Amino acid sequence: MTQIKVGDSLPSVSLKYCPYDASLEHACGIPQNLDISSLKGKKVVIFGVPGAFTPTCNNQHLPEFRQKYDEFVKKGVDQIICLATTDAFVMDAWGKWTKTNDKIILAADGNGEFVTATGLVQDLTKIGFGAVRSKRFALIADDLKVTYVGVETASGVSVSGADAVLAAL
């Protein structure tokens, strides 16, 4: 699969997430489907990370989007979604740990369907992460059409970071 590019449509796949529930402080909710097709008519930012709780993802990538949430809303973004190729319970626990609350949907692409369909998949078996992991990326989609794609080619966060995405809006 070639990598998704500006002008392409988002794939029709489902992710899993546990909706934010403040009453579930020490437990995870029940995973729900997040059908990408449900984003029709919306402006969304989707950013992918190789792993929840990993140093760059936890200390830089996710916090930047959380801290700049209001700026995204002011620029007309309806939803921000962070995805990783893990399960919805891990993503829910990560959301609680980072106090993301209901600002960002932390979604699981457990079978790697989204990252595979978009060509944003990488094999990290050499470091013990498994063969199907998300590349570090960010994209903007308006009515399911991609208007920006930033994929990191080196370690760290630049073209997939909150500032780069805000500049592209």
# chains A, B, ... in the order shown; residues from 1 in each chain; ligands from 1
call {"tool": "residues_around", "arguments": {"residues": "A:Lys135", "least_positions_apart": "3", "cutoff": "7 Å", "atoms": "only C-alpha atoms", "output": "ChimeraX atom specification"}}
result
/A:48-50,120-122
call {"tool": "residues_around", "arguments": {"residues": "stretch 153-169 of chain A", "least_positions_apart": "2", "cutoff": "9 Å", "atoms": "only C-alpha atoms", "output": "list of chain:residue names"}}
result
A:Val45, A:Phe47, A:Gly48, A:Thr56, A:Cys57, A:Gln60, A:His61, A:Leu62, A:Glu64, A:Phe65, A:Arg66, A:Lys68, A:Glu71, A:Phe72, A:Lys75, A:Gly76, A:Val77, A:Lys135, A:Arg136, A:Phe137, A:Ala138, A:Leu139, A:Ile140, A:Thr147, A:Tyr148, A:Val149, A:Gly150, A:Val151
call {"tool": "closest_atom_pairs", "arguments": {"of": "stretch 46-146 of chain A", "to": "stretch 5-11 of chain A", "cutoff": "8 Å", "atoms": "only C-alpha atoms", "output": "JSON lines"}}
result
{"residue": "A:Phe114", "atom": "CA", "partner": "A:Pro11", "partner_atom": "CA", "distance": 6.9}
{"residue": "A:Ala117", "atom": "CA", "partner": "A:Pro11", "partner_atom": "CA", "distance": 6.5}
{"residue": "A:Thr118", "atom": "CA", "partner": "A:Pro11", "partner_atom": "CA", "distance": 7.2}
{"residue": "A:Ala141", "atom": "CA", "partner": "A:Leu10", "partner_atom": "CA", "distance": 7.6}
{"residue": "A:Leu144", "atom": "CA", "partner": "A:Leu10", "partner_atom": "CA", "distance": 5.4}
{"residue": "A:Lys145", "atom": "CA", "partner": "A:Ser9", "partner_atom": "CA", "distance": 4.5}
{"residue": "A:Val146", "atom": "CA", "partner": "A:Val6", "partner_atom": "CA", "distance": 4.9}
call {"tool": "closest_residue", "arguments": {"among": "A:Cys18, A:Trp94, A:Pro63, A:Leu83", "to": "A:Pro31", "atoms": "only C-alpha atoms"}}
result
A:Cys18
call {"tool": "select_by_dssp", "arguments": {"residues": "chain A", "states": "strand (DSSP E)", "output": "count of residues only"}}
result
41
call {"tool": "select_by_dssp", "arguments": {"residues": "stretch 12-125 of chain A", "states": "helix (DSSP H, G or I)", "output": "PyMOL selection string"}}
result
chain A and resi 36-39+55-67+69-74+88-97+113-117+125
call {"tool": "write_last_selection", "arguments": {"atoms": "N, CA and C atoms", "output": "short mmCIF file (atom, residue, chain, number, x, y, z; two decimals), in the first residue's frame"}}
result
data_model
loop_
_atom_site.label_atom_id
_atom_site.label_comp_id
_atom_site.auth_asym_id
_atom_site.auth_seq_id
_atom_site.Cartn_x
_atom_site.Cartn_y
_atom_site.Cartn_z
N ILE A 36 -14.58 5.32 11.11
CA ILE A 36 -14.01 6.49 10.44
C ILE A 36 -15.07 7.17 9.58
N SER A 37 -16.00 6.41 9.01
CA SER A 37 -17.06 7.00 8.18
C SER A 37 -17.95 7.96 8.98
N SER A 38 -17.97 7.82 10.32
CA SER A 38 -18.78 8.72 11.15
C SER A 38 -18.18 10.13 11.21
N LEU A 39 -16.99 10.30 10.69
CA LEU A 39 -16.32 11.60 10.68
C LEU A 39 -16.71 12.43 9.45
N PRO A 55 8.38 7.09 25.76
CA PRO A 55 8.88 8.41 26.14
C PRO A 55 8.46 9.57 25.24
N THR A 56 8.70 9.51 23.96
CA THR A 56 8.37 10.64 23.09
C THR A 56 6.86 10.80 22.97
N CYS A 57 6.15 9.70 22.86
CA CYS A 57 4.69 9.76 22.73
C CYS A 57 4.05 10.36 23.98
N ASN A 58 4.51 9.92 25.13
CA ASN A 58 3.93 10.31 26.41
C ASN A 58 4.38 11.69 26.88
N ASN A 59 5.62 12.03 26.62
CA ASN A 59 6.17 13.27 27.16
C ASN A 59 6.12 14.45 26.21
N GLN A 60 5.91 14.19 24.92
CA GLN A 60 5.91 15.29 23.95
C GLN A 60 4.71 15.27 23.02
N HIS A 61 4.51 14.18 22.29
CA HIS A 61 3.53 14.18 21.21
C HIS A 61 2.11 14.42 21.72
N LEU A 62 1.61 13.56 22.58
CA LEU A 62 0.26 13.72 23.11
C LEU A 62 0.09 15.00 23.92
N PRO A 63 1.02 15.33 24.83
CA PRO A 63 0.82 16.56 25.61
C PRO A 63 0.70 17.83 24.77
N GLU A 64 1.45 17.92 23.66
CA GLU A 64 1.35 19.11 22.81
C GLU A 64 -0.07 19.29 22.28
N PHE A 65 -0.68 18.21 21.83
CA PHE A 65 -2.04 18.30 21.30
C PHE A 65 -3.03 18.64 22.41
N ARG A 66 -2.85 18.05 23.58
CA ARG A 66 -3.73 18.35 24.71
C ARG A 66 -3.61 19.81 25.13
N GLN A 67 -2.38 20.30 25.23
CA GLN A 67 -2.15 21.67 25.67
C GLN A 67 -2.68 22.70 24.66
N TYR A 69 -5.26 22.22 22.59
CA TYR A 69 -6.62 21.82 22.19
C TYR A 69 -7.48 23.04 21.80
N ASP A 70 -7.49 24.06 22.62
CA ASP A 70 -8.34 25.23 22.35
C ASP A 70 -7.95 25.92 21.04
N GLU A 71 -6.67 25.92 20.70
CA GLU A 71 -6.23 26.50 19.43
C GLU A 71 -6.79 25.71 18.25
N PHE A 72 -6.84 24.40 18.39
CA PHE A 72 -7.41 23.55 17.33
C PHE A 72 -8.91 23.86 17.16
N VAL A 73 -9.61 23.99 18.27
CA VAL A 73 -11.04 24.29 18.21
C VAL A 73 -11.26 25.64 17.53
N LYS A 74 -10.45 26.64 17.87
CA LYS A 74 -10.57 27.97 17.25
C LYS A 74 -10.34 27.92 15.74
N ALA A 88 -7.95 -0.91 23.25
CA ALA A 88 -8.68 0.25 23.78
C ALA A 88 -8.44 0.45 25.28
N PHE A 89 -8.18 -0.62 26.01
CA PHE A 89 -7.95 -0.50 27.45
C PHE A 89 -6.63 0.22 27.73
N VAL A 90 -5.59 -0.09 26.95
CA VAL A 90 -4.31 0.60 27.10
C VAL A 90 -4.48 2.08 26.77
N MET A 91 -5.19 2.37 25.70
CA MET A 91 -5.39 3.77 25.31
C MET A 91 -6.21 4.51 26.37
N ASP A 92 -7.21 3.85 26.95
CA ASP A 92 -8.00 4.48 28.00
C ASP A 92 -7.14 4.76 29.25
N ALA A 93 -6.32 3.79 29.62
CA ALA A 93 -5.43 3.98 30.77
C ALA A 93 -4.45 5.11 30.50
N TRP A 94 -3.95 5.20 29.28
CA TRP A 94 -3.02 6.28 28.92
C TRP A 94 -3.73 7.64 29.01
N GLY A 95 -4.97 7.68 28.57
CA GLY A 95 -5.75 8.92 28.67
C GLY A 95 -5.93 9.35 30.11
N LYS A 96 -6.19 8.40 31.00
CA LYS A 96 -6.33 8.71 32.42
C LYS A 96 -4.99 9.20 32.99
N TRP A 97 -3.92 8.50 32.65
CA TRP A 97 -2.59 8.84 33.15
C TRP A 97 -2.18 10.25 32.74
N GLU A 113 -5.57 -2.00 11.08
CA GLU A 113 -6.33 -1.80 9.84
C GLU A 113 -6.17 -0.39 9.28
N PHE A 114 -6.23 0.62 10.14
CA PHE A 114 -6.10 2.00 9.68
C PHE A 114 -4.68 2.25 9.17
N VAL A 115 -3.68 1.90 9.98
CA VAL A 115 -2.30 2.19 9.57
C VAL A 115 -1.89 1.39 8.34
N THR A 116 -2.42 0.20 8.18
CA THR A 116 -2.11 -0.59 6.99
C THR A 116 -2.79 0.01 5.76
N ALA A 117 -4.06 0.37 5.89
CA ALA A 117 -4.81 0.94 4.76
C ALA A 117 -4.24 2.28 4.30
N THR A 125 9.74 -5.02 15.03
CA THR A 125 10.16 -6.25 15.71
C THR A 125 11.59 -6.15 16.21
#
call {"tool": "closest_residue", "arguments": {"among": "A:Ala52, A:Ala22, A:Ile105, A:Ile4", "to": "A:Thr86", "atoms": "only C-alpha atoms"}}
result
A:Ala52
call {"tool": "closest_residue", "arguments": {"among": "A:Val132, A:Val44, A:Ile81, A:Leu34", "to": "A:Asn111", "atoms": "only C-alpha atoms"}}
result
A:Val132
call {"tool": "atom_distance", "arguments": {"atom1": "atom CA of A:Thr100", "atom2": "atom CA of A:Ser14"}}
result
21.5 Å
call {"tool": "atom_distance", "arguments": {"atom1": "atom CA of A:Gly29", "atom2": "atom CA of A:Asp143"}}
result
28.7 Å
call {"tool": "atom_distance", "arguments": {"atom1": "atom CA of A:Ser12", "atom2": "atom CA of A:Thr98"}}
result
29.0 Å
call {"tool": "decode", "arguments": {"residues": "stretch 141-152 of chain A", "atoms": "N, CA, C and O atoms", "output": "PDB file, in the first residue's frame"}}
result
ATOM      1  N   ALA A 141      -8.090  15.839   8.081  1.00  0.00           N
ATOM      2  CA  ALA A 141      -9.088  15.435   7.090  1.00  0.00           C
ATOM      3  C   ALA A 141     -10.316  16.313   7.264  1.00  0.00           C
ATOM      4  O   ALA A 141     -10.756  16.582   8.378  1.00  0.00           O
ATOM      5  N   ASP A 142     -10.833  16.781   6.150  1.00  0.00           N
ATOM      6  CA  ASP A 142     -12.040  17.604   6.133  1.00  0.00           C
ATOM      7  C   ASP A 142     -13.056  16.854   5.288  1.00  0.00           C
ATOM      8  O   ASP A 142     -12.816  16.619   4.100  1.00  0.00           O
ATOM      9  N   ASP A 143     -14.158  16.447   5.913  1.00  0.00           N
ATOM     10  CA  ASP A 143     -15.182  15.655   5.232  1.00  0.00           C
ATOM     11  C   ASP A 143     -14.568  14.391   4.617  1.00  0.00           C
ATOM     12  O   ASP A 143     -14.833  14.038   3.478  1.00  0.00           O
ATOM     13  N   LEU A 144     -13.702  13.753   5.398  1.00  0.00           N
ATOM     14  CA  LEU A 144     -13.016  12.495   5.062  1.00  0.00           C
ATOM     15  C   LEU A 144     -11.912  12.635   4.013  1.00  0.00           C
ATOM     16  O   LEU A 144     -11.265  11.653   3.661  1.00  0.00           O
ATOM     17  N   LYS A 145     -11.667  13.841   3.498  1.00  0.00           N
ATOM     18  CA  LYS A 145     -10.605  14.083   2.513  1.00  0.00           C
ATOM     19  C   LYS A 145      -9.374  14.625   3.230  1.00  0.00           C
ATOM     20  O   LYS A 145      -9.463  15.596   3.996  1.00  0.00           O
ATOM     21  N   VAL A 146      -8.238  14.047   2.948  1.00  0.00           N
ATOM     22  CA  VAL A 146      -6.993  14.441   3.597  1.00  0.00           C
ATOM     23  C   VAL A 146      -6.505  15.764   3.017  1.00  0.00           C
ATOM     24  O   VAL A 146      -6.402  15.929   1.805  1.00  0.00           O
ATOM     25  N   THR A 147      -6.204  16.719   3.923  1.00  0.00           N
ATOM     26  CA  THR A 147      -5.701  18.023   3.504  1.00  0.00           C
ATOM     27  C   THR A 147      -4.261  18.261   3.982  1.00  0.00           C
ATOM     28  O   THR A 147      -3.629  19.227   3.553  1.00  0.00           O
ATOM     29  N   TYR A 148      -3.776  17.407   4.863  1.00  0.00           N
ATOM     30  CA  TYR A 148      -2.396  17.509   5.359  1.00  0.00           C
ATOM     31  C   TYR A 148      -1.960  16.141   5.842  1.00  0.00           C
ATOM     32  O   TYR A 148      -2.739  15.430   6.486  1.00  0.00           O
ATOM     33  N   VAL A 149      -0.712  15.787   5.542  1.00  0.00           N
ATOM     34  CA  VAL A 149      -0.088  14.583   6.092  1.00  0.00           C
ATOM     35  C   VAL A 149       1.339  14.937   6.482  1.00  0.00           C
ATOM     36  O   VAL A 149       2.093  15.465   5.656  1.00  0.00           O
ATOM     37  N   GLY A 150       1.695  14.653   7.715  1.00  0.00           N
ATOM     38  CA  GLY A 150       3.072  14.820   8.185  1.00  0.00           C
ATOM     39  C   GLY A 150       3.528  13.525   8.816  1.00  0.00           C
ATOM     40  O   GLY A 150       2.943  13.073   9.787  1.00  0.00           O
ATOM     41  N   VAL A 151       4.557  12.909   8.227  1.00  0.00           N
ATOM     42  CA  VAL A 151       5.068  11.634   8.721  1.00  0.00           C
ATOM     43  C   VAL A 151       6.530  11.828   9.115  1.00  0.00           C
ATOM     44  O   VAL A 151       7.325  12.324   8.312  1.00  0.00           O
ATOM     45  N   GLU A 152       6.851  11.443  10.331  1.00  0.00           N
ATOM     46  CA  GLU A 152       8.221  11.590  10.811  1.00  0.00           C
ATOM     47  C   GLU A 152       9.129  10.566  10.133  1.00  0.00           C
ATOM     48  O   GLU A 152       8.761   9.399   9.981  1.00  0.00           O
TER      49      GLU A 152
END
